[in-house]
Number of protein chains: 2
Amino acid sequence: MNIFNVSLPSDDKEITDPLLSGRNVLIERIVSTGQASPEGFWYDQEEDEWVAVLQGRAKLAWDDGRELVMEPGDWVLLPAHERHRVEWTSKNPPCIWLAVKGRLC
Amino acid sequence: MNIFNVSLPSDDKEITDPLLSGRNVLIERIVSTGQASPEGFWYDQEEDEWVAVLQGRAKLAWDDGRELVMEPGDWVLLPAHERHRVEWTSKNPPCIWLAVKGRLC
């Protein structure tokens, strides 16, 4: 599956495709089309996540007040239990994320 | 460092930048500008490598005769000790690889 080939769903959901499901690491492509984390929701993940935006734009926020607008090519490390949320994602073009999840740090 | 921001060197070398050097995983950006593996050389790596082309083009070859031309968004898993080489990379635009190395499989 080519990372930049996107078949948009008819509904309004994010699409997650595993590219590699390995012993220590999961590599996923995530396609967002305007979705955001629910109001008041924070991700509090058991594993570390390294994530890049490869197309489109998105904004992350952390519960310590940090914010980050991500453009294509920007990436960030989200250590396990670093509470964060997705404030917004672009719909046009869709926001293509590449995520590497596991015990990375 | 933005993955798509490339400062080309004045010499003719590939540029490798570590993006994450973790416990189990190394994530690197590699920028190739026409380089190829030396004649008769085969990579025979101790670790698995998942690698994607994000810009430009490249061709890989394996010692069992397989060949793969990679366009932006194409990716491949190179298990440890799977002997392979880079036949060619594009110079204009530079070939931007994203590599995830470690004990992945």
# chains A, B, ... in the order shown; residues from 1 in each chain; ligands from 1
$ residues_around --residues "A:Arg57" --least-positions-apart "4" --cutoff "10 Å" --atoms "only C-alpha atoms" --output "list of chain:residue names"
A:Ser32, A:Gly34, A:Val53, A:Val69, A:Met70, A:Glu71, A:Pro72, A:Gly73, A:Asp74, A:Trp88, A:Thr89, A:Ser90, A:Lys91, A:Asn92, A:Pro93, A:Pro94, A:Cys95, A:Ile96, A:Trp97
$ interface_residues --of "chain A" --to "chain B" --cutoff "12 Å" --atoms "only C-alpha atoms" --output "PyMOL selection string"
chain A and resi 1-6+19-29+48-55+70-79+96-105
$ residues_around --residues "stretch 41-43 of chain B" --least-positions-apart "4" --cutoff "12 Å" --atoms "only C-alpha atoms" --output "ChimeraX atom specification"
/B:36-37,47-49,60-64,78-87
$ calpha_fit_and_write --fixed "chain A" --moving "chain B" --output "PDB file with C-alpha atoms, in the first residue's frame"
ATOM      1  CA  MET B   1       0.013  -0.003  -0.001  1.00  0.00           C
ATOM      2  CA  ASN B   2       1.470   3.304  -1.059  1.00  0.00           C
ATOM      3  CA  ILE B   3       1.465   5.801   1.817  1.00  0.00           C
ATOM      4  CA  PHE B   4       0.279   8.667  -0.377  1.00  0.00           C
ATOM      5  CA  ASN B   5      -2.536   6.734  -2.102  1.00  0.00           C
ATOM      6  CA  VAL B   6      -5.635   7.530  -0.125  1.00  0.00           C
ATOM      7  CA  SER B   7      -9.099   6.083  -0.704  1.00  0.00           C
ATOM      8  CA  LEU B   8     -11.371   8.292   1.306  1.00  0.00           C
ATOM      9  CA  PRO B   9     -14.220   6.562   3.096  1.00  0.00           C
ATOM     10  CA  SER B  10     -17.800   7.623   2.567  1.00  0.00           C
ATOM     11  CA  ASP B  11     -18.272   8.144   6.299  1.00  0.00           C
ATOM     12  CA  ASP B  12     -16.481  10.617   8.479  1.00  0.00           C
ATOM     13  CA  LYS B  13     -13.974   8.309  10.127  1.00  0.00           C
ATOM     14  CA  GLU B  14     -10.221   8.305  10.420  1.00  0.00           C
ATOM     15  CA  ILE B  15      -8.543   5.431   8.579  1.00  0.00           C
ATOM     16  CA  THR B  16      -5.714   3.513  10.222  1.00  0.00           C
ATOM     17  CA  ASP B  17      -3.666   1.009   8.228  1.00  0.00           C
ATOM     18  CA  PRO B  18      -0.918  -1.056   9.832  1.00  0.00           C
ATOM     19  CA  LEU B  19       2.173  -1.100   7.610  1.00  0.00           C
ATOM     20  CA  LEU B  20       4.300  -3.244   9.902  1.00  0.00           C
ATOM     21  CA  SER B  21       3.230  -5.119  12.996  1.00  0.00           C
ATOM     22  CA  GLY B  22       6.474  -6.280  14.531  1.00  0.00           C
ATOM     23  CA  ARG B  23       7.891  -7.622  17.756  1.00  0.00           C
ATOM     24  CA  ASN B  24       8.763  -4.267  19.279  1.00  0.00           C
ATOM     25  CA  VAL B  25       7.208  -1.822  16.897  1.00  0.00           C
ATOM     26  CA  LEU B  26       3.967  -1.050  15.107  1.00  0.00           C
ATOM     27  CA  ILE B  27       4.132   1.224  12.068  1.00  0.00           C
ATOM     28  CA  GLU B  28       0.820   2.712  10.979  1.00  0.00           C
ATOM     29  CA  ARG B  29      -0.505   5.103   8.395  1.00  0.00           C
ATOM     30  CA  ILE B  30      -3.362   7.211   9.702  1.00  0.00           C
ATOM     31  CA  VAL B  31      -5.486   9.365   7.408  1.00  0.00           C
ATOM     32  CA  SER B  32      -7.445  12.140   9.099  1.00  0.00           C
ATOM     33  CA  THR B  33     -10.017  14.256   7.309  1.00  0.00           C
ATOM     34  CA  GLY B  34     -10.912  16.984   9.742  1.00  0.00           C
ATOM     35  CA  GLN B  35     -11.293  14.823  12.854  1.00  0.00           C
ATOM     36  CA  ALA B  36     -10.136  16.033  16.273  1.00  0.00           C
ATOM     37  CA  SER B  37     -10.005  14.511  19.729  1.00  0.00           C
ATOM     38  CA  PRO B  38     -13.313  14.817  21.581  1.00  0.00           C
ATOM     39  CA  GLU B  39     -13.688  17.822  23.846  1.00  0.00           C
ATOM     40  CA  GLY B  40     -11.796  17.208  27.082  1.00  0.00           C
ATOM     41  CA  PHE B  41     -10.224  13.966  25.861  1.00  0.00           C
ATOM     42  CA  TRP B  42      -6.508  13.299  26.387  1.00  0.00           C
ATOM     43  CA  TYR B  43      -4.511  10.421  24.967  1.00  0.00           C
ATOM     44  CA  ASP B  44      -2.603   8.704  27.777  1.00  0.00           C
ATOM     45  CA  GLN B  45      -0.794   5.937  25.951  1.00  0.00           C
ATOM     46  CA  GLU B  46       1.008   2.908  27.385  1.00  0.00           C
ATOM     47  CA  GLU B  47       3.630   3.076  24.650  1.00  0.00           C
ATOM     48  CA  ASP B  48       5.826   5.712  23.075  1.00  0.00           C
ATOM     49  CA  GLU B  49       4.805   7.096  19.707  1.00  0.00           C
ATOM     50  CA  TRP B  50       6.897   8.832  17.065  1.00  0.00           C
ATOM     51  CA  VAL B  51       4.596  10.499  14.580  1.00  0.00           C
ATOM     52  CA  ALA B  52       5.156  12.539  11.439  1.00  0.00           C
ATOM     53  CA  VAL B  53       2.767  14.474   9.228  1.00  0.00           C
ATOM     54  CA  LEU B  54       3.507  13.610   5.586  1.00  0.00           C
ATOM     55  CA  GLN B  55       0.647  15.506   3.959  1.00  0.00           C
ATOM     56  CA  GLY B  56      -1.842  18.088   5.181  1.00  0.00           C
ATOM     57  CA  ARG B  57      -1.693  19.822   8.539  1.00  0.00           C
ATOM     58  CA  ALA B  58      -2.629  19.143  12.130  1.00  0.00           C
ATOM     59  CA  LYS B  59      -2.370  20.652  15.570  1.00  0.00           C
ATOM     60  CA  LEU B  60      -1.440  18.800  18.735  1.00  0.00           C
ATOM     61  CA  ALA B  61      -1.847  20.065  22.276  1.00  0.00           C
ATOM     62  CA  TRP B  62      -0.494  18.811  25.593  1.00  0.00           C
ATOM     63  CA  ASP B  63      -1.984  19.088  29.042  1.00  0.00           C
ATOM     64  CA  ASP B  64       0.944  21.272  30.149  1.00  0.00           C
ATOM     65  CA  GLY B  65      -0.191  23.939  27.694  1.00  0.00           C
ATOM     66  CA  ARG B  66       2.184  23.216  24.824  1.00  0.00           C
ATOM     67  CA  GLU B  67       0.773  23.358  21.314  1.00  0.00           C
ATOM     68  CA  LEU B  68       2.254  22.328  17.984  1.00  0.00           C
ATOM     69  CA  VAL B  69       1.001  22.992  14.476  1.00  0.00           C
ATOM     70  CA  MET B  70       2.444  20.318  12.208  1.00  0.00           C
ATOM     71  CA  GLU B  71       3.157  20.803   8.504  1.00  0.00           C
ATOM     72  CA  PRO B  72       4.278  18.103   6.064  1.00  0.00           C
ATOM     73  CA  GLY B  73       7.633  16.738   7.219  1.00  0.00           C
ATOM     74  CA  ASP B  74       7.202  17.748  10.860  1.00  0.00           C
ATOM     75  CA  TRP B  75       7.469  14.990  13.454  1.00  0.00           C
ATOM     76  CA  VAL B  76       7.295  14.652  17.196  1.00  0.00           C
ATOM     77  CA  LEU B  77       8.017  12.062  19.856  1.00  0.00           C
ATOM     78  CA  LEU B  78       5.175  11.390  22.273  1.00  0.00           C
ATOM     79  CA  PRO B  79       6.625   9.457  25.222  1.00  0.00           C
ATOM     80  CA  ALA B  80       4.251   7.036  26.955  1.00  0.00           C
ATOM     81  CA  HIS B  81       1.802   8.763  29.300  1.00  0.00           C
ATOM     82  CA  GLU B  82       2.538  12.216  27.919  1.00  0.00           C
ATOM     83  CA  ARG B  83      -1.039  13.419  27.792  1.00  0.00           C
ATOM     84  CA  HIS B  84      -1.895  15.004  24.476  1.00  0.00           C
ATOM     85  CA  ARG B  85      -4.762  15.516  22.082  1.00  0.00           C
ATOM     86  CA  VAL B  86      -5.367  16.335  18.439  1.00  0.00           C
ATOM     87  CA  GLU B  87      -6.859  19.826  18.233  1.00  0.00           C
ATOM     88  CA  TRP B  88      -7.613  19.690  14.517  1.00  0.00           C
ATOM     89  CA  THR B  89      -6.592  18.036  11.259  1.00  0.00           C
ATOM     90  CA  SER B  90      -6.889  19.242   7.692  1.00  0.00           C
ATOM     91  CA  LYS B  91      -9.619  17.771   5.521  1.00  0.00           C
ATOM     92  CA  ASN B  92      -8.470  19.039   2.168  1.00  0.00           C
ATOM     93  CA  PRO B  93      -5.878  17.726   1.634  1.00  0.00           C
ATOM     94  CA  PRO B  94      -6.352  14.843   4.062  1.00  0.00           C
ATOM     95  CA  CYS B  95      -3.794  14.723   6.840  1.00  0.00           C
ATOM     96  CA  ILE B  96      -1.537  11.692   6.378  1.00  0.00           C
ATOM     97  CA  TRP B  97       0.307  10.634   9.527  1.00  0.00           C
ATOM     98  CA  LEU B  98       3.042   8.053   9.791  1.00  0.00           C
ATOM     99  CA  ALA B  99       3.203   6.653  13.321  1.00  0.00           C
ATOM    100  CA  VAL B 100       5.806   4.367  14.888  1.00  0.00           C
ATOM    101  CA  LYS B 101       4.543   2.941  18.181  1.00  0.00           C
ATOM    102  CA  GLY B 102       6.280   0.799  20.768  1.00  0.00           C
ATOM    103  CA  ARG B 103       8.779   0.977  23.576  1.00  0.00           C
ATOM    104  CA  LEU B 104      10.941   3.438  21.714  1.00  0.00           C
ATOM    105  CA  CYS B 105      12.616   5.641  24.324  1.00  0.00           C
TER     106      CYS B 105
END
$ select_by_dssp --residues "stretch 16-105 of chain A" --states "strand (DSSP E or B)" --output "PyMOL selection string"
chain A and resi 16-21+25-32+43+48-55+58-62+67-70+75-78+84-89+95-102
$ decode --residues "stretch 62-100 of chain B" --atoms "N, CA and C atoms" --output "CSV table (one decimal), in the first residue's frame"
chain,number,residue,atom,x,y,z
B,62,TRP,N,17.7,-7.4,-4.9
B,62,TRP,CA,18.1,-8.4,-4.0
B,62,TRP,C,18.9,-9.5,-4.7
B,63,ASP,N,19.6,-10.3,-3.9
B,63,ASP,CA,20.5,-11.3,-4.5
B,63,ASP,C,19.8,-12.5,-5.0
B,64,ASP,N,18.4,-12.5,-4.8
B,64,ASP,CA,17.7,-13.6,-5.4
B,64,ASP,C,17.1,-13.2,-6.7
B,65,GLY,N,17.4,-12.0,-7.2
B,65,GLY,CA,17.0,-11.5,-8.5
B,65,GLY,C,15.8,-10.5,-8.4
B,66,ARG,N,15.2,-10.4,-7.3
B,66,ARG,CA,14.1,-9.4,-7.2
B,66,ARG,C,14.6,-8.0,-7.4
B,67,GLU,N,13.7,-7.2,-7.9
B,67,GLU,CA,14.0,-5.7,-8.1
B,67,GLU,C,12.8,-4.9,-7.7
B,68,LEU,N,13.0,-3.7,-7.3
B,68,LEU,CA,11.9,-2.9,-6.9
B,68,LEU,C,12.2,-1.4,-7.2
B,69,VAL,N,11.4,-0.8,-8.1
B,69,VAL,CA,11.5,0.6,-8.2
B,69,VAL,C,10.6,1.3,-7.3
B,70,MET,N,11.1,2.2,-6.5
B,70,MET,CA,10.3,2.8,-5.4
B,70,MET,C,9.9,4.3,-5.8
B,71,GLU,N,8.7,4.6,-5.7
B,71,GLU,CA,8.2,6.0,-5.9
B,71,GLU,C,7.8,6.6,-4.6
B,72,PRO,N,7.5,7.8,-4.5
B,72,PRO,CA,7.1,8.4,-3.2
B,72,PRO,C,5.9,7.7,-2.6
B,73,GLY,N,6.1,7.3,-1.4
B,73,GLY,CA,5.0,6.6,-0.7
B,73,GLY,C,5.2,5.1,-0.6
B,74,ASP,N,6.1,4.6,-1.5
B,74,ASP,CA,6.4,3.1,-1.4
B,74,ASP,C,7.3,2.8,-0.3
B,75,TRP,N,7.1,1.6,0.3
B,75,TRP,CA,7.9,1.2,1.4
B,75,TRP,C,8.1,-0.3,1.3
B,76,VAL,N,9.1,-0.8,2.0
B,76,VAL,CA,9.5,-2.2,2.0
B,76,VAL,C,10.1,-2.6,3.3
B,77,LEU,N,9.9,-3.8,3.7
B,77,LEU,CA,10.6,-4.4,4.9
B,77,LEU,C,11.8,-5.2,4.4
B,78,LEU,N,12.9,-4.9,5.0
B,78,LEU,CA,14.1,-5.6,4.7
B,78,LEU,C,14.5,-6.4,5.9
B,79,PRO,N,14.1,-7.7,6.1
B,79,PRO,CA,14.5,-8.4,7.2
B,79,PRO,C,16.0,-8.5,7.3
B,80,ALA,N,16.5,-8.7,8.6
B,80,ALA,CA,18.0,-8.8,8.8
B,80,ALA,C,18.5,-9.9,7.9
B,81,HIS,N,19.7,-9.7,7.3
B,81,HIS,CA,20.4,-10.6,6.5
B,81,HIS,C,19.7,-10.9,5.2
B,82,GLU,N,18.8,-10.1,4.8
B,82,GLU,CA,18.2,-10.2,3.4
B,82,GLU,C,19.1,-9.4,2.6
B,83,ARG,N,19.9,-10.0,1.8
B,83,ARG,CA,21.0,-9.3,1.0
B,83,ARG,C,20.4,-8.4,-0.1
B,84,HIS,N,20.7,-7.1,-0.1
B,84,HIS,CA,20.1,-6.2,-1.0
B,84,HIS,C,21.1,-5.1,-1.3
B,85,ARG,N,20.8,-4.4,-2.3
B,85,ARG,CA,21.6,-3.2,-2.7
B,85,ARG,C,20.7,-2.1,-3.3
B,86,VAL,N,21.3,-0.9,-3.3
B,86,VAL,CA,20.6,0.2,-4.0
B,86,VAL,C,21.1,0.3,-5.4
B,87,GLU,N,20.3,0.1,-6.4
B,87,GLU,CA,20.8,0.2,-7.8
B,87,GLU,C,21.0,1.6,-8.2
B,88,TRP,N,20.0,2.4,-7.9
B,88,TRP,CA,20.1,3.9,-8.2
B,88,TRP,C,19.2,4.7,-7.4
B,89,THR,N,19.5,6.0,-7.2
B,89,THR,CA,18.6,6.9,-6.6
B,89,THR,C,18.5,8.2,-7.5
B,90,SER,N,17.4,8.9,-7.3
B,90,SER,CA,17.2,10.1,-8.1
B,90,SER,C,18.1,11.2,-7.5
B,91,LYS,N,18.5,12.1,-8.3
B,91,LYS,CA,19.3,13.2,-7.9
B,91,LYS,C,18.4,14.5,-7.9
B,92,ASN,N,17.5,14.6,-8.8
B,92,ASN,CA,16.7,15.8,-8.9
B,92,ASN,C,15.3,15.4,-9.2
B,93,PRO,N,14.4,15.3,-8.2
B,93,PRO,CA,14.6,15.7,-6.8
B,93,PRO,C,15.5,14.7,-6.1
B,94,PRO,N,16.1,15.1,-5.0
B,94,PRO,CA,16.8,14.2,-4.1
B,94,PRO,C,15.8,13.1,-3.6
B,95,CYS,N,16.4,11.9,-3.4
B,95,CYS,CA,15.6,10.8,-2.9
B,95,CYS,C,15.6,10.9,-1.3
B,96,ILE,N,14.4,11.1,-0.7
B,96,ILE,CA,14.3,11.2,0.7
B,96,ILE,C,13.8,9.9,1.2
B,97,TRP,N,14.6,9.2,2.0
B,97,TRP,CA,14.1,7.9,2.6
B,97,TRP,C,13.8,8.1,4.1
B,98,LEU,N,12.8,7.4,4.6
B,98,LEU,CA,12.6,7.3,6.0
B,98,LEU,C,12.8,5.9,6.4
B,99,ALA,N,13.8,5.6,7.3
B,99,ALA,CA,14.2,4.3,7.7
B,99,ALA,C,13.9,4.0,9.1
B,100,VAL,N,13.3,2.9,9.5
B,100,VAL,CA,13.1,2.5,10.8
B,100,VAL,C,13.9,1.2,11.0
